[in-house]
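Text of my_file.csv, listed as CSV, C-alpha atoms and all ligand atoms:
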chain,number,residue,atom,x,y,z
V,37,MET,CA,29.4,205.1,-163.4
V,38,TYR,CA,26.1,203.1,-163.2
V,39,LYS,CA,22.9,205.1,-163.2
V,40,ALA,CA,19.7,203.1,-162.6
V,41,ALA,CA,17.1,203.1,-165.3
V,42,SER,CA,14.6,205.8,-164.6
V,43,GLU,CA,11.6,203.6,-165.6
V,44,ARG,CA,12.6,200.8,-163.2
V,45,TYR,CA,9.5,200.9,-161.1
V,46,GLY,CA,7.1,200.9,-164.1
V,47,LYS,CA,7.0,197.3,-165.1
V,48,MET,CA,7.6,195.3,-161.9
V,49,LYS,CA,4.8,194.3,-159.5
V,50,TYR,CA,5.3,194.7,-155.8
V,51,ARG,CA,3.5,192.4,-153.4
V,52,ARG,CA,2.9,192.7,-149.7
V,53,CYS,CA,4.7,190.2,-147.6
V,54,GLY,CA,2.0,188.6,-145.5
V,55,ARG,CA,0.4,191.1,-143.1
V,56,SER,CA,3.7,193.1,-142.7
V,57,GLY,CA,4.5,196.5,-144.0
V,58,LEU,CA,7.1,195.1,-146.3
V,59,LYS,CA,6.6,194.8,-150.1
V,60,LEU,CA,8.8,192.6,-152.3
V,61,SER,CA,9.3,192.6,-156.1
V,62,ALA,CA,7.3,189.7,-157.5
V,63,VAL,CA,10.5,188.4,-159.0
V,64,SER,CA,13.6,188.4,-156.7
V,65,LEU,CA,17.2,187.4,-157.5
V,66,GLY,CA,19.2,184.8,-155.5
V,67,LEU,CA,23.0,184.6,-155.4
V,68,TRP,CA,23.4,181.0,-154.6
V,69,HIS,CA,25.1,180.2,-157.9
V,70,ASN,CA,27.3,182.4,-160.2
V,71,PHE,CA,28.3,184.9,-157.5
V,72,GLY,CA,31.2,183.0,-155.9
V,73,SER,CA,34.9,183.3,-156.3
V,74,SER,CA,34.9,181.3,-159.5
V,75,GLY,CA,32.3,183.6,-161.3
V,76,SER,CA,33.0,186.5,-163.5
V,77,TYR,CA,32.8,189.8,-161.5
V,78,ASP,CA,31.7,191.8,-164.5
V,79,ASN,CA,28.8,189.3,-165.1
V,80,MET,CA,27.8,189.6,-161.5
V,81,VAL,CA,27.7,193.4,-161.7
V,82,ASN,CA,25.7,193.2,-165.0
V,83,MET,CA,23.2,190.8,-163.4
V,84,ILE,CA,22.6,193.0,-160.3
V,85,THR,CA,22.3,196.2,-162.3
V,86,SER,CA,20.1,194.7,-165.0
V,87,ALA,CA,17.9,193.1,-162.3
V,88,PHE,CA,17.5,196.5,-160.5
V,89,ASP,CA,16.8,198.3,-163.8
V,90,LEU,CA,13.9,195.8,-164.3
V,91,GLY,CA,12.5,196.7,-160.9
V,92,ILE,CA,13.9,193.8,-158.9
V,93,THR,CA,14.5,195.2,-155.4
V,94,HIS,CA,15.2,192.0,-153.5
V,95,PHE,CA,18.5,190.2,-153.5
V,96,ASP,CA,19.0,187.0,-151.5
V,97,LEU,CA,22.2,185.7,-149.9
V,98,ALA,CA,23.3,183.2,-147.3
V,99,ASN,CA,26.5,182.9,-145.3
V,100,ASN,CA,27.5,179.8,-147.2
V,101,TYR,CA,26.9,180.9,-150.8
V,102,GLY,CA,30.0,180.6,-152.9
V,103,PRO,CA,32.2,178.7,-153.6
V,104,TYR,CA,34.1,179.3,-151.4
V,105,PRO,CA,31.5,179.8,-148.6
V,106,GLY,CA,31.1,183.5,-147.9
V,107,SER,CA,32.4,184.6,-151.3
V,108,ALA,CA,29.0,185.5,-152.7
V,109,GLU,CA,28.5,187.9,-149.7
V,110,GLU,CA,32.0,189.3,-150.4
V,111,ASN,CA,31.3,189.9,-154.1
V,112,PHE,CA,27.9,191.4,-153.4
V,113,GLY,CA,29.5,193.7,-150.8
V,114,ARG,CA,32.0,194.8,-153.4
V,115,ILE,CA,29.1,195.6,-155.8
V,116,MET,CA,27.3,197.4,-153.0
V,117,SER,CA,30.2,199.6,-152.0
V,118,SER,CA,30.9,200.7,-155.6
V,119,VAL,CA,28.1,200.4,-158.2
V,120,MET,CA,25.0,200.1,-156.0
V,121,ARG,CA,25.9,202.4,-153.1
V,122,PRO,CA,23.4,205.2,-153.9
V,123,TYR,CA,20.6,202.7,-154.0
V,124,ARG,CA,20.8,201.0,-150.5
V,125,ASP,CA,17.5,202.3,-149.3
V,126,GLU,CA,15.8,201.0,-152.5
V,127,LEU,CA,17.0,197.4,-151.8
V,128,ILE,CA,15.9,194.5,-149.6
V,129,ILE,CA,18.9,192.4,-148.9
V,130,SER,CA,18.6,189.1,-147.1
V,131,THR,CA,21.1,186.6,-145.7
V,132,LYS,CA,20.8,183.4,-143.8
V,133,ALA,CA,22.5,181.1,-141.3
V,134,GLY,CA,21.7,177.5,-140.6
V,135,TYR,CA,24.1,175.3,-142.5
V,136,GLY,CA,27.7,174.4,-141.7
V,137,MET,CA,29.9,177.5,-142.0
V,138,TRP,CA,32.9,177.1,-139.8
V,139,GLU,CA,34.6,174.3,-137.8
V,140,GLY,CA,33.7,173.2,-134.3
V,141,PRO,CA,30.4,173.0,-132.5
V,142,TYR,CA,29.4,176.7,-133.0
V,143,GLY,CA,29.5,177.0,-136.8
V,144,ASP,CA,26.2,175.3,-137.7
V,145,HIS,CA,22.5,174.8,-136.9
V,146,GLY,CA,20.5,177.2,-134.7
V,147,SER,CA,22.2,178.1,-131.4
V,148,ARG,CA,22.3,181.7,-130.2
V,149,LYS,CA,26.1,181.6,-130.4
V,150,TYR,CA,26.1,180.5,-134.1
V,151,LEU,CA,23.3,182.8,-135.4
V,152,ILE,CA,24.6,186.0,-133.9
V,153,ALA,CA,28.3,185.3,-134.8
V,154,SER,CA,27.2,184.4,-138.3
V,155,CYS,CA,25.1,187.5,-138.7
V,156,ASP,CA,28.1,189.6,-137.6
V,157,GLN,CA,30.4,187.8,-140.1
V,158,SER,CA,27.9,188.4,-142.9
V,159,LEU,CA,27.7,192.1,-142.1
V,160,LYS,CA,31.5,192.3,-142.3
V,161,ARG,CA,31.7,190.4,-145.6
V,162,THR,CA,29.1,192.5,-147.2
V,163,GLY,CA,30.1,195.8,-145.6
V,164,LEU,CA,26.5,196.5,-144.9
V,165,GLU,CA,25.2,198.2,-141.7
V,166,TYR,CA,22.2,195.9,-141.5
V,167,PHE,CA,20.3,193.2,-143.4
V,168,ASP,CA,16.7,193.8,-144.4
V,169,ILE,CA,15.9,190.1,-143.7
V,170,PHE,CA,17.8,187.6,-141.6
V,171,TYR,CA,16.7,184.0,-142.0
V,172,HIS,CA,17.2,180.8,-140.0
V,173,HIS,CA,18.2,178.7,-143.0
V,174,ARG,CA,16.8,175.3,-141.8
V,175,PRO,CA,15.3,174.0,-138.6
V,176,ASP,CA,17.7,172.7,-135.9
V,177,PRO,CA,16.4,169.5,-134.3
V,178,GLU,CA,18.6,169.9,-131.2
V,179,THR,CA,18.5,173.6,-130.2
V,180,PRO,CA,15.3,174.5,-128.3
V,181,MET,CA,13.1,176.6,-130.6
V,182,GLU,CA,12.9,179.3,-127.9
V,183,GLU,CA,16.7,179.8,-128.1
V,184,THR,CA,16.7,180.2,-131.9
V,185,ALA,CA,13.7,182.5,-131.7
V,186,ALA,CA,15.3,184.7,-129.0
V,187,ALA,CA,18.5,184.9,-131.1
V,188,LEU,CA,16.6,186.0,-134.1
V,189,SER,CA,14.6,188.5,-132.1
V,190,TYR,CA,17.9,189.9,-130.6
V,191,ILE,CA,19.3,190.3,-134.1
V,192,VAL,CA,16.3,192.5,-135.0
V,193,ASN,CA,16.3,194.4,-131.7
V,194,SER,CA,20.0,195.1,-132.0
V,195,GLY,CA,19.6,196.7,-135.4
V,196,LYS,CA,21.5,194.0,-137.3
V,197,ALA,CA,18.4,193.1,-139.3
V,198,LEU,CA,15.0,194.6,-139.9
V,199,TYR,CA,12.8,191.5,-140.4
V,200,ILE,CA,13.0,187.8,-139.5
V,201,GLY,CA,12.5,184.8,-141.9
V,202,VAL,CA,12.8,181.1,-141.7
V,203,SER,CA,13.5,178.6,-144.5
V,204,ASN,CA,12.8,174.9,-144.9
V,205,TYR,CA,10.6,174.8,-141.8
V,206,SER,CA,7.6,172.4,-141.7
V,207,PRO,CA,4.1,173.7,-141.1
V,208,GLU,CA,4.3,172.7,-137.4
V,209,GLN,CA,7.7,174.3,-136.9
V,210,THR,CA,6.6,177.4,-138.7
V,211,LEU,CA,3.6,177.8,-136.5
V,212,GLU,CA,5.7,177.3,-133.3
V,213,MET,CA,8.3,179.8,-134.4
V,214,SER,CA,5.7,182.3,-135.5
V,215,GLN,CA,4.0,182.1,-132.1
V,216,LEU,CA,7.3,182.4,-130.2
V,217,LEU,CA,8.4,185.4,-132.2
V,218,ARG,CA,5.1,187.2,-132.0
V,219,GLY,CA,5.3,186.8,-128.2
V,220,MET,CA,8.7,188.5,-128.4
V,221,GLY,CA,7.4,191.5,-130.4
V,222,THR,CA,9.4,190.6,-133.5
V,223,PRO,CA,7.0,188.8,-135.8
V,224,LEU,CA,8.0,186.1,-138.3
V,225,VAL,CA,7.6,188.0,-141.6
V,226,ILE,CA,8.6,185.5,-144.3
V,227,HIS,CA,9.1,181.9,-145.1
V,228,GLN,CA,11.4,180.7,-147.9
V,229,PRO,CA,10.4,177.2,-149.1
V,230,LYS,CA,11.2,175.4,-152.3
V,231,TYR,CA,8.2,175.5,-154.6
V,232,ASN,CA,7.8,174.8,-158.3
V,233,MET,CA,5.7,172.7,-160.7
V,234,LEU,CA,7.8,169.6,-159.8
V,235,ASP,CA,7.7,170.2,-156.0
V,236,ARG,CA,4.4,171.3,-154.6
V,237,HIS,CA,4.8,170.2,-151.0
V,238,ILE,CA,3.9,173.6,-149.6
V,239,GLU,CA,0.4,173.1,-150.8
V,240,ASN,CA,-0.1,170.4,-148.2
V,241,GLY,CA,-0.4,172.5,-145.0
V,242,LEU,CA,2.4,175.1,-145.1
V,243,GLN,CA,0.5,177.7,-147.2
V,244,THR,CA,-2.5,177.4,-144.8
V,245,VAL,CA,-0.3,178.1,-141.8
V,246,LEU,CA,1.4,181.0,-143.6
V,247,GLU,CA,-1.9,182.6,-144.5
V,248,HIS,CA,-3.4,182.1,-141.0
V,249,GLU,CA,-0.3,183.6,-139.4
V,250,GLY,CA,0.0,186.5,-141.9
V,251,ILE,CA,3.5,185.4,-143.0
V,252,GLY,CA,4.7,186.1,-146.5
V,253,SER,CA,6.5,183.5,-148.7
V,254,ILE,CA,9.2,183.5,-151.3
V,255,ALA,CA,9.7,180.4,-153.4
V,256,PHE,CA,13.2,179.2,-154.0
V,257,CYS,CA,14.2,177.2,-157.1
V,258,PRO,CA,11.0,178.2,-159.0
V,259,LEU,CA,12.6,176.8,-162.2
V,260,ALA,CA,13.8,173.6,-160.5
V,261,GLN,CA,17.4,174.9,-161.1
V,262,GLY,CA,16.8,175.1,-164.8
V,263,LEU,CA,14.9,171.9,-165.3
V,264,LEU,CA,11.7,173.9,-165.9
V,265,THR,CA,13.1,175.6,-169.0
V,266,ASP,CA,13.7,174.2,-172.4
V,267,LYS,CA,17.4,174.0,-171.9
V,268,TYR,CA,17.7,170.3,-171.1
V,269,LEU,CA,15.3,169.0,-173.7
V,270,ASN,CA,18.1,168.1,-176.1
V,271,GLY,CA,20.9,167.1,-173.7
V,272,ILE,CA,23.0,169.0,-171.3
V,273,PRO,CA,24.3,172.3,-172.8
V,274,LYS,CA,27.9,173.5,-172.2
V,275,GLY,CA,28.2,175.9,-169.3
V,276,SER,CA,24.7,175.0,-167.8
V,277,ARG,CA,24.3,174.3,-164.1
V,278,ALA,CA,23.9,170.5,-164.7
V,279,GLU,CA,27.4,170.5,-166.3
V,280,SER,CA,29.1,172.5,-163.5
V,281,SER,CA,27.3,172.3,-160.2
V,282,ALA,CA,27.2,169.6,-157.5
V,283,PHE,CA,23.6,170.6,-156.8
V,284,LEU,CA,22.2,169.6,-160.2
V,285,THR,CA,23.9,166.5,-161.5
V,286,PRO,CA,23.7,165.0,-165.0
V,287,ASP,CA,21.9,162.1,-163.3
V,288,ALA,CA,19.2,164.4,-161.9
V,289,VAL,CA,18.6,165.6,-165.4
V,290,LYS,CA,18.5,161.9,-166.7
V,291,ASN,CA,16.0,161.0,-163.9
V,292,THR,CA,13.7,163.8,-164.8
V,293,ASP,CA,10.8,162.9,-167.1
V,294,LEU,CA,11.7,165.0,-170.0
V,295,SER,CA,8.5,164.1,-171.9
V,296,LYS,CA,6.7,166.0,-169.1
V,297,ILE,CA,9.0,169.0,-169.6
V,298,ALA,CA,8.4,168.8,-173.4
V,299,ALA,CA,4.6,168.7,-172.8
V,300,LEU,CA,4.8,171.7,-170.5
V,301,ASN,CA,7.0,173.5,-173.0
V,302,ALA,CA,4.2,172.9,-175.6
V,303,ILE,CA,1.6,174.5,-173.3
V,304,ALA,CA,3.9,177.5,-172.7
V,305,LYS,CA,4.4,178.0,-176.5
V,306,LYS,CA,0.6,178.0,-177.0
V,307,ARG,CA,0.4,180.9,-174.5
V,308,GLY,CA,3.2,182.7,-176.2
V,309,GLN,CA,5.6,182.2,-173.2
V,310,THR,CA,8.8,180.3,-172.8
V,311,LEU,CA,8.6,177.4,-170.3
V,312,ALA,CA,10.7,179.4,-167.8
V,313,GLN,CA,8.1,182.3,-168.0
V,314,MET,CA,5.2,179.9,-167.6
V,315,ALA,CA,6.8,178.2,-164.6
V,316,LEU,CA,7.0,181.6,-162.9
V,317,SER,CA,3.4,182.6,-163.9
V,318,TRP,CA,2.3,179.3,-162.5
V,319,ALA,CA,4.1,179.8,-159.2
V,320,LEU,CA,2.8,183.3,-158.8
V,321,ARG,CA,-0.8,182.3,-159.8
V,322,GLY,CA,-3.6,183.4,-157.5
V,323,GLY,CA,-1.4,185.6,-155.3
V,324,ARG,CA,-0.5,183.1,-152.6
V,325,LEU,CA,3.2,183.7,-152.9
V,326,THR,CA,4.9,187.0,-152.2
V,327,SER,CA,7.7,186.5,-154.7
V,328,VAL,CA,9.6,184.0,-156.8
V,329,LEU,CA,13.3,183.8,-156.0
V,330,ILE,CA,15.0,183.0,-159.3
V,331,GLY,CA,18.7,182.3,-160.0
V,332,ALA,CA,20.4,183.3,-163.2
V,333,SER,CA,23.7,182.8,-165.0
V,334,ARG,CA,23.3,185.9,-167.3
V,335,PRO,CA,21.3,189.1,-167.5
V,336,SER,CA,19.2,187.9,-170.5
V,337,GLN,CA,17.7,185.2,-168.3
V,338,ILE,CA,16.6,187.8,-165.8
V,339,ALA,CA,15.0,189.9,-168.5
V,340,GLU,CA,13.2,186.9,-169.9
V,341,ASN,CA,12.0,185.8,-166.5
V,342,VAL,CA,10.7,189.3,-165.4
V,343,ASN,CA,8.7,189.3,-168.7
V,344,ALA,CA,6.6,186.5,-167.2
V,345,LEU,CA,4.8,189.3,-165.3
V,346,SER,CA,3.5,190.8,-168.5
V,347,ALA,CA,1.6,187.7,-169.5
V,348,PRO,CA,-2.1,187.1,-168.7
V,349,GLU,CA,-3.0,184.9,-165.7
V,350,LEU,CA,-3.2,181.2,-166.5
V,351,THR,CA,-6.7,180.3,-167.2
V,352,ALA,CA,-8.6,177.4,-165.5
V,353,GLU,CA,-8.2,175.4,-168.7
V,354,GLU,CA,-4.5,176.0,-168.9
V,355,LEU,CA,-4.1,175.1,-165.2
V,356,ALA,CA,-6.0,171.9,-165.7
V,357,GLU,CA,-3.8,171.0,-168.7
V,358,ILE,CA,-0.7,171.6,-166.6
V,359,ASP,CA,-2.1,169.5,-163.8
V,360,ALA,CA,-2.9,166.7,-166.3
V,361,VAL,CA,0.8,166.7,-167.4
V,362,LEU,CA,2.2,166.8,-163.9
V,363,CYS,CA,-0.1,164.0,-162.7
V,364,LYS,CA,0.7,161.7,-165.6
H,401,LIG,N1,16.6,178.5,-148.6
H,401,LIG,C1,17.2,177.5,-149.2
H,401,LIG,O1,17.4,176.5,-148.7
H,401,LIG,C2,17.6,177.7,-150.7
H,401,LIG,C3,18.0,176.6,-151.4
H,401,LIG,C4,18.3,176.8,-152.8
H,401,LIG,C5,18.2,178.1,-153.3
H,401,LIG,N2,17.8,179.2,-152.5
H,401,LIG,C6,17.7,180.5,-153.1
H,401,LIG,O2,16.9,180.5,-154.3
H,401,LIG,C7,17.7,181.1,-155.3
H,401,LIG,C8,17.3,180.6,-156.6
H,401,LIG,O3,17.6,179.2,-156.7
H,401,LIG,P1,18.0,178.6,-158.1
H,401,LIG,O4,19.2,179.3,-158.7
H,401,LIG,O5,18.1,177.1,-158.0
H,401,LIG,O6,16.7,179.0,-158.9
H,401,LIG,P2,16.0,178.6,-160.3
H,401,LIG,O7,15.4,179.9,-160.8
H,401,LIG,O8,15.1,177.4,-160.1
H,401,LIG,O9,17.2,178.2,-161.2
H,401,LIG,C9,18.1,179.1,-161.7
H,401,LIG,C10,18.9,178.5,-162.9
H,401,LIG,O10,18.0,178.2,-164.0
H,401,LIG,C11,18.6,178.6,-165.2
H,401,LIG,N3,17.8,179.6,-165.8
H,401,LIG,C12,17.2,180.7,-165.2
H,401,LIG,N4,16.5,181.4,-166.0
H,401,LIG,C13,16.5,180.8,-167.2
H,401,LIG,C14,15.9,181.0,-168.5
H,401,LIG,N5,15.1,182.0,-168.7
H,401,LIG,N6,16.2,180.1,-169.5
H,401,LIG,C15,17.0,179.0,-169.3
H,401,LIG,N7,17.6,178.8,-168.1
H,401,LIG,C16,17.3,179.6,-167.1
H,401,LIG,C17,20.0,179.1,-164.9
H,401,LIG,O11,20.9,178.0,-164.9
H,401,LIG,P3,22.2,177.9,-165.9
H,401,LIG,O12,23.3,178.1,-165.0
H,401,LIG,O13,22.1,176.5,-166.4
H,401,LIG,O14,22.0,178.9,-167.0
H,401,LIG,C18,19.9,179.6,-163.5
H,401,LIG,O15,21.1,179.6,-162.8
H,401,LIG,C19,19.1,180.9,-154.9
H,401,LIG,O16,20.0,181.8,-155.5
H,401,LIG,C20,19.0,181.2,-153.4
H,401,LIG,O17,19.0,182.6,-153.1
H,401,LIG,C21,17.5,179.0,-151.2

Since I need it in another form, could you write the structure as structure tokens?
Ligand SMILES: NC(=O)c1ccc[n+]([C@@H]2O[C@H](COP(=O)([O-])OP(=O)(O)OC[C@H]3O[C@@H](n4cnc5c(N)ncnc54)[C@H](OP(=O)(O)O)[C@@H]3O)[C@@H](O)[C@H]2O)c1
Amino acid sequence: MYKAASERYGKMKYRRCGRSGLKLSAVSLGLWHNFGSSGSYDNMVNMITSAFDLGITHFDLANNYGPYPGSAEENFGRIMSSVMRPYRDELIISTKAGYGMWEGPYGDHGSRKYLIASCDQSLKRTGLEYFDIFYHHRPDPETPMEETAAALSYIVNSGKALYIGVSNYSPEQTLEMSQLLRGMGTPLVIHQPKYNMLDRHIENGLQTVLEHEGIGSIAFCPLAQGLLTDKYLNGIPKGSRAESSAFLTPDAVKNTDLSKIAALNAIAKKRGQTLAQMALSWALRGGRLTSVLIGASRPSQIAENVNALSAPELTAEELAEIDAVLCK
């Protein structure tokens, strides 16, 4: 029987999510990969429990995470109903809807029909009574934003979720959704964009909107799916994501400027960090993000990544050195 580490809240940092009452662990764990039907269940349990022992309180799902779609929610539900059951009130569990999930015109995008049905399905698959955060996974160019906002607001008002988030929304879409939701009395609490040293698009407007509106942010793919580690510097290792996932192909590794990764790795070494740790320190620098949403294939990666929080802040000189590498 699992008993959580008594010192779990000693090392982790907790950051306020925008101007809400919610705090998130500075490092959160996403279940996009390695929690589907083809993964090892024991490894999943070990990853969740070791993350929680390190103070990670936030676990992120989506209706379509698998493979097969929905299986990550099922596996997480199995873990919740057995191993993690006593700790539900210590956890922030999110899920999302916005990508294709079932056949026909109601299984995708942002209609009221899709979002509410999908939330109900996710509750069933996980066996949870409610989600802490329910996200619209991507903007829908066809459904009126008012309809999506009203569906999200209803999901909170009906007790299916506590907070609302959006993901992959532009600055303009975020502002519009934030204003609509505030008017409905259910504010937009968090945005989940991609952000890492190789993709800094949120610095061009989105972060300004988030700060103005008091919305928190959690960066997905902060390690660029593993590219911002030392693992691909000497080829594609067996069992790595680039060997096994459609979302990071061997071509994507080939097309990455590995000389840049090697140069970043050298800066990390000088700081006494691994590149993975420096990539997380970099994303969290200056306190603009609420949390970094990492993925992992084994517990040791989670431990290594959480250790990024023990390092000193990056200095202005180190940041300039990193910028010089990235701008080359
Ligand atoms: N909202 C959206 O549209 C969206 C999109 C994508 C992801 N997400 C969310 O973001 C989460 C994280 O995405 P991600 O998994 O791509 O994040 P990531 O942290 O950029 O990449 C995780 C992968 O990097 C490798 N890795 C992690 N730590 C490592 C370490 N210390 N040393 C060496 N390799 C390490 C592992 O790959 P190996 O398998 O090679 O070991 C791991 O699976 C997802 O689970 C999901 O919750 C959201």

Residue contacts of Arg236 in chain V (12 Å, all atoms listed in the file) excluding same-chain residues fewer than 3 positions away, as a count of residues only | 20

Hey, which of V:Leu224, V:Leu164, V:Val81, V:Leu311 ends up closest to ligand LIG 401 (chain H)? Count all atoms listed in the file.
-> V:Leu311

Pick out the residues no farther than 7 Å from ligand LIG 401 (chain H), counting all atoms listed in the file, and list them as an MDAnalysis selection string.
-> chainID V and resid 65:69 96:97 173 203:204 228:230 256:262 265:267 275:278 312 329:333 337:338 340:341

Hey, which of V:Ile115, V:Lys364, V:Arg307, V:Ser107 ends up closest to Asn70 in chain V? Count all atoms listed in the file.
-> V:Ser107

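With CA of Met220 in chain V on one side and CA of Ile191 in chain V on the other, the separation reads 12.2 Å.
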
Give me, as a tab-separated table (two decimals) with C-alpha atoms, keeping the file's coordinate frame, all polymer residues having an atom no more than 8 Å from range 123-136 of chain V, counting all atoms listed in the file and skipping those fewer than 3 positions away in the same chain.
chain	number	residue	atom	x	y	z
V	60	LEU	CA	8.80	192.60	-152.30
V	93	THR	CA	14.50	195.20	-155.40
V	94	HIS	CA	15.20	192.00	-153.50
V	95	PHE	CA	18.50	190.20	-153.50
V	96	ASP	CA	19.00	187.00	-151.50
V	97	LEU	CA	22.20	185.70	-149.90
V	98	ALA	CA	23.30	183.20	-147.30
V	99	ASN	CA	26.50	182.90	-145.30
V	100	ASN	CA	27.50	179.80	-147.20
V	116	MET	CA	27.30	197.40	-153.00
V	120	MET	CA	25.00	200.10	-156.00
V	139	GLU	CA	34.60	174.30	-137.80
V	143	GLY	CA	29.50	177.00	-136.80
V	144	ASP	CA	26.20	175.30	-137.70
V	145	HIS	CA	22.50	174.80	-136.90
V	146	GLY	CA	20.50	177.20	-134.70
V	151	LEU	CA	23.30	182.80	-135.40
V	154	SER	CA	27.20	184.40	-138.30
V	155	CYS	CA	25.10	187.50	-138.70
V	158	SER	CA	27.90	188.40	-142.90
V	167	PHE	CA	20.30	193.20	-143.40
V	168	ASP	CA	16.70	193.80	-144.40
V	169	ILE	CA	15.90	190.10	-143.70
V	170	PHE	CA	17.80	187.60	-141.60
V	171	TYR	CA	16.70	184.00	-142.00
V	172	HIS	CA	17.20	180.80	-140.00
V	173	HIS	CA	18.20	178.70	-143.00
V	174	ARG	CA	16.80	175.30	-141.80
V	175	PRO	CA	15.30	174.00	-138.60
V	176	ASP	CA	17.70	172.70	-135.90
